[in-house]
Amino acid sequence: MTNRQALMKRLAAAQFVLFDLHLYLDTHPGDIQTLSIYKKFESRMLALRHEYEEKFGSLSLVGAPGVEWLKDPWPWDTEVCC
């Protein structure tokens, strides 16, 4: 597994935890302990996202300046296709 894949896997895991905690908090809005855990993972996810984007470029069009994302190599340009 490449560094890029490992970082993406960690980011996806943090996003999954956030989504799951969000669903729980929808039905348990008064659970302060879970809200604290949610905020911790939100912070972790944002740090991982920032790290990924610093190393490998923007993950979305919103974060890409202009059309810079079009100039980057596409995954099939640099990786072996399945």
# chains A, B, ... in the order shown; residues from 1 in each chain; ligands from 1
call {"tool": "select_by_dssp", "arguments": {"residues": "chain A", "states": "helix (DSSP H, G or I)", "output": "PyMOL selection string"}}
result
chain A and resi 3-27+32-56+68-71+75-78
call {"tool": "write_last_selection", "arguments": {"atoms": "C-alpha atoms", "output": "PDB file, in the first residue's frame"}}
result
ATOM      1  CA  ASN A   3       1.572   6.357   1.453  1.00  0.00           C
ATOM      2  CA  ARG A   4      -1.245   7.987  -0.497  1.00  0.00           C
ATOM      3  CA  GLN A   5      -3.489   4.933  -0.137  1.00  0.00           C
ATOM      4  CA  ALA A   6      -2.687   4.573   3.566  1.00  0.00           C
ATOM      5  CA  LEU A   7      -3.502   8.215   4.238  1.00  0.00           C
ATOM      6  CA  MET A   8      -6.725   7.968   2.236  1.00  0.00           C
ATOM      7  CA  LYS A   9      -7.693   4.862   4.227  1.00  0.00           C
ATOM      8  CA  ARG A  10      -7.132   6.705   7.525  1.00  0.00           C
ATOM      9  CA  LEU A  11      -9.136   9.685   6.241  1.00  0.00           C
ATOM     10  CA  ALA A  12     -12.009   7.443   5.120  1.00  0.00           C
ATOM     11  CA  ALA A  13     -12.052   5.724   8.512  1.00  0.00           C
ATOM     12  CA  ALA A  14     -12.228   9.064  10.339  1.00  0.00           C
ATOM     13  CA  GLN A  15     -15.057  10.217   8.043  1.00  0.00           C
ATOM     14  CA  PHE A  16     -16.943   6.971   8.683  1.00  0.00           C
ATOM     15  CA  VAL A  17     -16.641   7.455  12.466  1.00  0.00           C
ATOM     16  CA  LEU A  18     -17.912  11.028  12.112  1.00  0.00           C
ATOM     17  CA  PHE A  19     -20.888   9.914  10.028  1.00  0.00           C
ATOM     18  CA  ASP A  20     -21.757   7.156  12.492  1.00  0.00           C
ATOM     19  CA  LEU A  21     -21.454   9.483  15.490  1.00  0.00           C
ATOM     20  CA  HIS A  22     -23.573  12.069  13.673  1.00  0.00           C
ATOM     21  CA  LEU A  23     -26.348   9.515  13.198  1.00  0.00           C
ATOM     22  CA  TYR A  24     -26.167   8.601  16.888  1.00  0.00           C
ATOM     23  CA  LEU A  25     -26.260  12.247  17.957  1.00  0.00           C
ATOM     24  CA  ASP A  26     -29.361  12.788  15.803  1.00  0.00           C
ATOM     25  CA  THR A  27     -31.222  10.423  18.131  1.00  0.00           C
ATOM     26  CA  ILE A  32     -22.360  15.335  25.904  1.00  0.00           C
ATOM     27  CA  GLN A  33     -19.726  12.587  26.075  1.00  0.00           C
ATOM     28  CA  THR A  34     -20.444  11.470  22.503  1.00  0.00           C
ATOM     29  CA  LEU A  35     -20.454  15.079  21.337  1.00  0.00           C
ATOM     30  CA  SER A  36     -16.972  15.444  22.802  1.00  0.00           C
ATOM     31  CA  ILE A  37     -15.830  12.317  20.940  1.00  0.00           C
ATOM     32  CA  TYR A  38     -17.414  13.690  17.751  1.00  0.00           C
ATOM     33  CA  LYS A  39     -15.466  16.941  18.072  1.00  0.00           C
ATOM     34  CA  LYS A  40     -12.228  15.004  18.644  1.00  0.00           C
ATOM     35  CA  PHE A  41     -12.747  12.946  15.471  1.00  0.00           C
ATOM     36  CA  GLU A  42     -13.814  16.016  13.520  1.00  0.00           C
ATOM     37  CA  SER A  43     -10.530  17.642  14.444  1.00  0.00           C
ATOM     38  CA  ARG A  44      -8.626  14.484  13.490  1.00  0.00           C
ATOM     39  CA  MET A  45     -10.452  14.218  10.157  1.00  0.00           C
ATOM     40  CA  LEU A  46      -9.727  17.850   9.294  1.00  0.00           C
ATOM     41  CA  ALA A  47      -6.039  17.350  10.121  1.00  0.00           C
ATOM     42  CA  LEU A  48      -5.882  14.217   7.945  1.00  0.00           C
ATOM     43  CA  ARG A  49      -7.669  16.005   5.110  1.00  0.00           C
ATOM     44  CA  HIS A  50      -5.249  18.916   5.354  1.00  0.00           C
ATOM     45  CA  GLU A  51      -2.279  16.533   5.373  1.00  0.00           C
ATOM     46  CA  TYR A  52      -3.619  14.669   2.325  1.00  0.00           C
ATOM     47  CA  GLU A  53      -4.288  17.856   0.376  1.00  0.00           C
ATOM     48  CA  GLU A  54      -0.841  19.249   1.209  1.00  0.00           C
ATOM     49  CA  LYS A  55       0.849  16.089  -0.085  1.00  0.00           C
ATOM     50  CA  PHE A  56      -1.403  14.979  -2.936  1.00  0.00           C
ATOM     51  CA  GLU A  68      -5.455  23.457 -11.252  1.00  0.00           C
ATOM     52  CA  TRP A  69      -6.994  20.057 -10.528  1.00  0.00           C
ATOM     53  CA  LEU A  70      -7.200  19.471 -14.293  1.00  0.00           C
ATOM     54  CA  LYS A  71      -3.419  19.857 -14.610  1.00  0.00           C
ATOM     55  CA  PRO A  75      -4.956   8.205 -11.199  1.00  0.00           C
ATOM     56  CA  TRP A  76      -4.732   6.103 -14.371  1.00  0.00           C
ATOM     57  CA  ASP A  77      -1.822   8.273 -15.542  1.00  0.00           C
ATOM     58  CA  THR A  78       0.368   7.321 -12.579  1.00  0.00           C
TER      59      THR A  78
END
